[in-house]
Amino acid sequence: MKIDKKVFGILSNGKKVYLYTLRAGDLQLCLSSLGATWTSLLVPARKGGKSDVLLGFSGFDGYVHNGPFLGVTVGRFANRIGGSGFSLNGVQYRLDDNDGGNTLHSGYRAFDKMLWKSEAYEESGGVFVRFKLDSPDGEGGFPGNLKAAVTYGLSKSNELIARYEAKADAPTPVNLTNHAYFNLAGEESGPIHAHELRLHSSSYVEIDDTLIPTGRLIPVRDSPFDFREPKPVMRDREEGYDHCFTVDGDPGKLRPCAEVFEPGSGRTMKVFTTQPGVQFYTGNMLPGTPGKAGSVYGRHTGFCLETQHFPDTPNQPGFPPCIFGPERDYSEKSVFTFFID
């Protein structure tokens, strides 16, 4: 196991951004303190060698101007909030309107664009970086002073482990995740159509034309949303997916969430989470973003499995509650495990 740290770049305010390289088992993970971002993940293939399976940028400047949210930590509230606001304890809170009348990933300047404090360490068979961020009352329109801590790392068993924690001094919505885009054939390999996906999900969150939930959970049976048995990711819905699926089992317990197999490389990724849902996104809106070493990321060249609370939960009383505060701390965990067939 090994940890390396170097200066990744300098922001316009003169502050240093650090890049950490973690090695454990057969994996290598790079993390940036700007946005607590996953910048690369090297994974072995069946025929030998390793490939980077994360979409990203060739250098520091790409991450400063990261429009597609490649690899970033999202908060205070990941995904969408309808009407760019919510009511809590009789008070109406207004948020940034950055998504056609709605709030996406907490607005214009959210956790993905901030410089996190960071510290690397080794613990119980793994190497980790712990990122910390203080968000003051009123930032982005959200109430309460929030202290967030996110830990990412690798184990000797080829696991990428993600822990999300937060404490607030007043009731406030919290929903943290990582927005990594995967391509298990390698980030330069183009469309993801050959990938086969299984989701441990018997229902999904119905959404309207603006991608805001209606409040209904729809059974996946006999629909294009049924991934309970493995199938090619785009087989039943050519336009792709940007939908939150329920994760079967008890929220709060680490349990199976998803499994993805890429036949060309022989790579399999299994996902486990304590979160109630997972947003499955097939890169439908990737705009031809310049990526690593000449790669260009167009439509459907990467997929996301963002473990999280359901979108628009602050406005949906029937969803698992997302309000945390002095008497209820936020704590979630996700594990991404890699195998070679």
# chains A, B, ... in the order shown; residues from 1 in each chain; ligands from 1
call {"tool": "select_by_dssp", "arguments": {"residues": "range 111-292 of chain A", "states": "strand (DSSP E)", "output": "JSON, numbers by chain"}}
result
{"A": [117, 118, 119, 120, 121, 122, 123, 126, 127, 128, 129, 130, 131, 132, 133, 134, 135, 146, 147, 148, 149, 150, 151, 152, 153, 154, 155, 159, 160, 161, 162, 163, 164, 165, 166, 167, 168, 172, 173, 177, 178, 196, 197, 198, 199, 203, 204, 205, 206, 207, 213, 214, 215, 216, 217, 218, 219, 231, 232, 242, 243, 244, 245, 246, 255, 256, 257, 258, 259, 260, 261, 262, 267, 268, 269, 270, 271, 272, 273, 277, 278, 279, 280, 281, 289, 290]}
call {"tool": "write_last_selection", "arguments": {"atoms": "C-alpha atoms", "output": "mmCIF file, in the first residue's frame"}}
result
data_model
loop_
_atom_site.group_PDB
_atom_site.id
_atom_site.type_symbol
_atom_site.label_atom_id
_atom_site.label_comp_id
_atom_site.auth_asym_id
_atom_site.auth_seq_id
_atom_site.Cartn_x
_atom_site.Cartn_y
_atom_site.Cartn_z
ATOM 1 C CA LYS A 117 -9.172 20.441 3.625
ATOM 2 C CA SER A 118 -7.523 17.061 3.180
ATOM 3 C CA GLU A 119 -5.433 14.531 5.062
ATOM 4 C CA ALA A 120 -4.173 11.115 3.959
ATOM 5 C CA TYR A 121 -3.742 8.152 6.289
ATOM 6 C CA GLU A 122 -3.391 4.380 6.443
ATOM 7 C CA GLU A 123 -5.810 2.296 8.490
ATOM 8 C CA GLY A 126 -6.397 0.383 3.494
ATOM 9 C CA VAL A 127 -5.203 3.815 2.404
ATOM 10 C CA PHE A 128 -7.541 6.804 2.606
ATOM 11 C CA VAL A 129 -7.931 10.559 2.207
ATOM 12 C CA ARG A 130 -10.326 12.409 4.488
ATOM 13 C CA PHE A 131 -11.747 15.655 3.107
ATOM 14 C CA LYS A 132 -13.421 18.271 5.313
ATOM 15 C CA LEU A 133 -15.523 21.303 4.451
ATOM 16 C CA ASP A 134 -17.451 23.867 6.513
ATOM 17 C CA SER A 135 -20.573 25.309 4.918
ATOM 18 C CA LEU A 146 -22.850 22.351 8.269
ATOM 19 C CA LYS A 147 -19.590 20.479 8.810
ATOM 20 C CA ALA A 148 -19.096 17.841 6.100
ATOM 21 C CA ALA A 149 -16.472 15.090 6.006
ATOM 22 C CA VAL A 150 -15.962 12.706 3.100
ATOM 23 C CA THR A 151 -13.484 9.831 3.141
ATOM 24 C CA TYR A 152 -12.349 7.957 0.039
ATOM 25 C CA GLY A 153 -9.859 5.132 -0.087
ATOM 26 C CA LEU A 154 -8.748 1.706 -1.265
ATOM 27 C CA SER A 155 -8.517 -1.609 0.541
ATOM 28 C CA GLU A 159 -12.475 -2.063 -2.844
ATOM 29 C CA LEU A 160 -12.998 1.652 -3.311
ATOM 30 C CA ILE A 161 -14.635 2.797 -0.076
ATOM 31 C CA ALA A 162 -16.616 6.033 0.270
ATOM 32 C CA ARG A 163 -17.880 7.412 3.594
ATOM 33 C CA TYR A 164 -20.072 10.516 3.827
ATOM 34 C CA GLU A 165 -20.649 12.340 7.132
ATOM 35 C CA ALA A 166 -22.136 15.675 8.163
ATOM 36 C CA LYS A 167 -23.199 17.538 11.284
ATOM 37 C CA ALA A 168 -25.448 20.616 11.318
ATOM 38 C CA THR A 172 -31.229 21.201 6.917
ATOM 39 C CA PRO A 173 -31.404 18.871 3.892
ATOM 40 C CA THR A 177 -22.601 11.529 -3.286
ATOM 41 C CA ASN A 178 -19.791 11.253 -5.809
ATOM 42 C CA GLU A 196 -24.225 -5.171 -18.749
ATOM 43 C CA LEU A 197 -25.984 -3.861 -15.650
ATOM 44 C CA ARG A 198 -27.853 -5.449 -12.781
ATOM 45 C CA LEU A 199 -29.656 -3.284 -10.222
ATOM 46 C CA SER A 203 -38.921 0.246 -8.219
ATOM 47 C CA TYR A 204 -37.775 3.614 -9.507
ATOM 48 C CA VAL A 205 -38.678 7.254 -8.839
ATOM 49 C CA GLU A 206 -41.136 8.556 -11.422
ATOM 50 C CA ILE A 207 -40.162 11.957 -12.854
ATOM 51 C CA PRO A 213 -40.095 13.449 -9.079
ATOM 52 C CA THR A 214 -43.875 13.173 -9.082
ATOM 53 C CA GLY A 215 -43.752 11.520 -5.651
ATOM 54 C CA ARG A 216 -44.585 8.056 -6.999
ATOM 55 C CA LEU A 217 -42.393 4.954 -6.858
ATOM 56 C CA ILE A 218 -43.092 2.785 -9.911
ATOM 57 C CA PRO A 219 -42.468 -0.999 -9.985
ATOM 58 C CA LYS A 231 -28.817 -6.812 -19.453
ATOM 59 C CA PRO A 232 -26.987 -4.364 -21.770
ATOM 60 C CA ASP A 242 -31.220 9.674 -15.758
ATOM 61 C CA HIS A 243 -33.361 8.096 -13.060
ATOM 62 C CA CYS A 244 -33.172 7.320 -9.373
ATOM 63 C CA PHE A 245 -33.807 3.690 -8.469
ATOM 64 C CA THR A 246 -34.677 2.433 -5.014
ATOM 65 C CA ARG A 255 -26.368 -4.010 1.036
ATOM 66 C CA PRO A 256 -26.018 -4.847 -2.683
ATOM 67 C CA CYS A 257 -26.916 -1.996 -5.024
ATOM 68 C CA ALA A 258 -25.562 -2.701 -8.527
ATOM 69 C CA GLU A 259 -23.292 -4.913 -10.618
ATOM 70 C CA VAL A 260 -21.734 -3.922 -13.946
ATOM 71 C CA PHE A 261 -19.819 -6.231 -16.334
ATOM 72 C CA GLU A 262 -17.814 -5.137 -19.379
ATOM 73 C CA ARG A 267 -13.993 -6.136 -15.592
ATOM 74 C CA THR A 268 -16.851 -6.356 -13.100
ATOM 75 C CA MET A 269 -17.768 -3.625 -10.614
ATOM 76 C CA LYS A 270 -20.109 -4.384 -7.712
ATOM 77 C CA VAL A 271 -21.630 -1.546 -5.691
ATOM 78 C CA PHE A 272 -22.890 -1.731 -2.105
ATOM 79 C CA THR A 273 -24.484 1.135 -0.186
ATOM 80 C CA GLY A 277 -31.400 5.113 -3.737
ATOM 81 C CA VAL A 278 -28.985 5.205 -6.656
ATOM 82 C CA GLN A 279 -29.112 7.596 -9.610
ATOM 83 C CA PHE A 280 -28.316 5.700 -12.806
ATOM 84 C CA TYR A 281 -27.174 8.150 -15.479
ATOM 85 C CA THR A 289 -16.085 17.264 -23.524
ATOM 86 C CA PRO A 290 -12.297 17.077 -24.116
#
call {"tool": "residues_around", "arguments": {"residues": "range 69-75 of chain A", "least_positions_apart": "4", "cutoff": "6 Å", "atoms": "only C-alpha atoms", "output": "list of chain:residue names"}}
result
A:Gly35, A:Ala36, A:Thr37, A:Trp38, A:Gly56, A:Phe111, A:Asp112, A:Leu176, A:Thr177, A:Asn178, A:His179, A:Ala180
call {"tool": "closest_atom_pairs", "arguments": {"of": "range 69-152 of chain A", "to": "range 319-328 of chain A", "cutoff": "10 Å", "atoms": "only C-alpha atoms", "output": "CSV"}}
result
residue,atom,partner,partner_atom,distance
A:Phe77,CA,A:Cys322,CA,9.2
A:Leu88,CA,A:Ile323,CA,9.0
A:Gly144,CA,A:Gly325,CA,8.1
A:Asn145,CA,A:Gly325,CA,9.4
A:Leu146,CA,A:Gly325,CA,8.6
call {"tool": "write_last_selection", "arguments": {"atoms": "N, CA and C atoms", "output": "mmCIF file, in the first residue's frame"}}
result
data_model
loop_
_atom_site.group_PDB
_atom_site.id
_atom_site.type_symbol
_atom_site.label_atom_id
_atom_site.label_comp_id
_atom_site.auth_asym_id
_atom_site.auth_seq_id
_atom_site.Cartn_x
_atom_site.Cartn_y
_atom_site.Cartn_z
ATOM 1 N N PHE A 77 -26.911 19.172 -1.335
ATOM 2 C CA PHE A 77 -27.947 18.235 -1.735
ATOM 3 C C PHE A 77 -27.724 17.837 -3.187
ATOM 4 N N LEU A 88 -39.350 24.401 5.222
ATOM 5 C CA LEU A 88 -38.918 23.617 6.374
ATOM 6 C C LEU A 88 -39.322 24.350 7.641
ATOM 7 N N GLY A 144 -28.589 26.604 8.336
ATOM 8 C CA GLY A 144 -27.731 25.887 9.268
ATOM 9 C C GLY A 144 -26.270 25.865 8.874
ATOM 10 N N ASN A 145 -25.406 25.900 9.889
ATOM 11 C CA ASN A 145 -23.982 25.691 9.689
ATOM 12 C C ASN A 145 -23.721 24.194 9.595
ATOM 13 N N LEU A 146 -23.065 23.776 8.531
ATOM 14 C CA LEU A 146 -22.850 22.351 8.269
ATOM 15 C C LEU A 146 -21.365 22.045 8.220
#
call {"tool": "closest_residue", "arguments": {"among": "A:Pro68, A:Pro143, A:Pro136, A:Gly186", "to": "Asn284 in chain A", "atoms": "only C-alpha atoms"}}
result
A:Pro68
call {"tool": "closest_residue", "arguments": {"among": "A:Ser40, A:Ser124, A:Ser84, A:Ser12", "to": "Asn315 in chain A", "atoms": "only C-alpha atoms"}}
result
A:Ser84
call {"tool": "atom_distance", "arguments": {"atom1": "CA of Gly9 in chain A", "atom2": "CA of Asn183 in chain A"}}
result
26.1 Å
call {"tool": "residues_around", "arguments": {"residues": "Glu188 in chain A", "least_positions_apart": "3", "cutoff": "12 Å", "atoms": "only C-alpha atoms", "output": "list of chain:residue names"}}
result
A:Ser51, A:Asp52, A:Val53, A:Leu54, A:Leu55, A:Gly56, A:Phe57, A:Ser58, A:Phe182, A:Asn183, A:Leu184, A:Ala185, A:Pro191, A:Ile192, A:Thr289, A:Pro290, A:Gly291, A:Lys292, A:Ala293, A:Gly294, A:Ser295, A:Val296, A:Tyr297, A:Gly298, A:Thr301, A:Gly302
call {"tool": "atom_distance", "arguments": {"atom1": "CA of Ala24 in chain A", "atom2": "CA of Lys156 in chain A"}}
result
5.1 Å
call {"tool": "select_by_dssp", "arguments": {"residues": "range 11-168 of chain A", "states": "alpha helix (DSSP H)", "output": "list in words"}}
result
Phe60, Asp61, Gly62, Tyr63 and Val64 of chain A
call {"tool": "atom_distance", "arguments": {"atom1": "CA of Gly264 in chain A", "atom2": "CA of Lys47 in chain A"}}
result
9.6 Å
call {"tool": "closest_residue", "arguments": {"among": "A:Ala194, A:Lys113, A:Phe8, A:Phe86", "to": "Gly141 in chain A", "atoms": "only C-alpha atoms"}}
result
A:Phe86
call {"tool": "closest_residue", "arguments": {"among": "A:Met234, A:Asn13, A:His193, A:Gln28", "to": "Pro44 in chain A", "atoms": "only C-alpha atoms"}}
result
A:Gln28
call {"tool": "closest_residue", "arguments": {"among": "A:Phe142, A:Asp97, A:Ser157, A:Asp222", "to": "Gly25 in chain A", "atoms": "only C-alpha atoms"}}
result
A:Ser157
call {"tool": "closest_residue", "arguments": {"among": "A:Asp26, A:Leu34, A:Arg228, A:Arg80", "to": "Gly62 in chain A", "atoms": "only C-alpha atoms"}}
result
A:Leu34
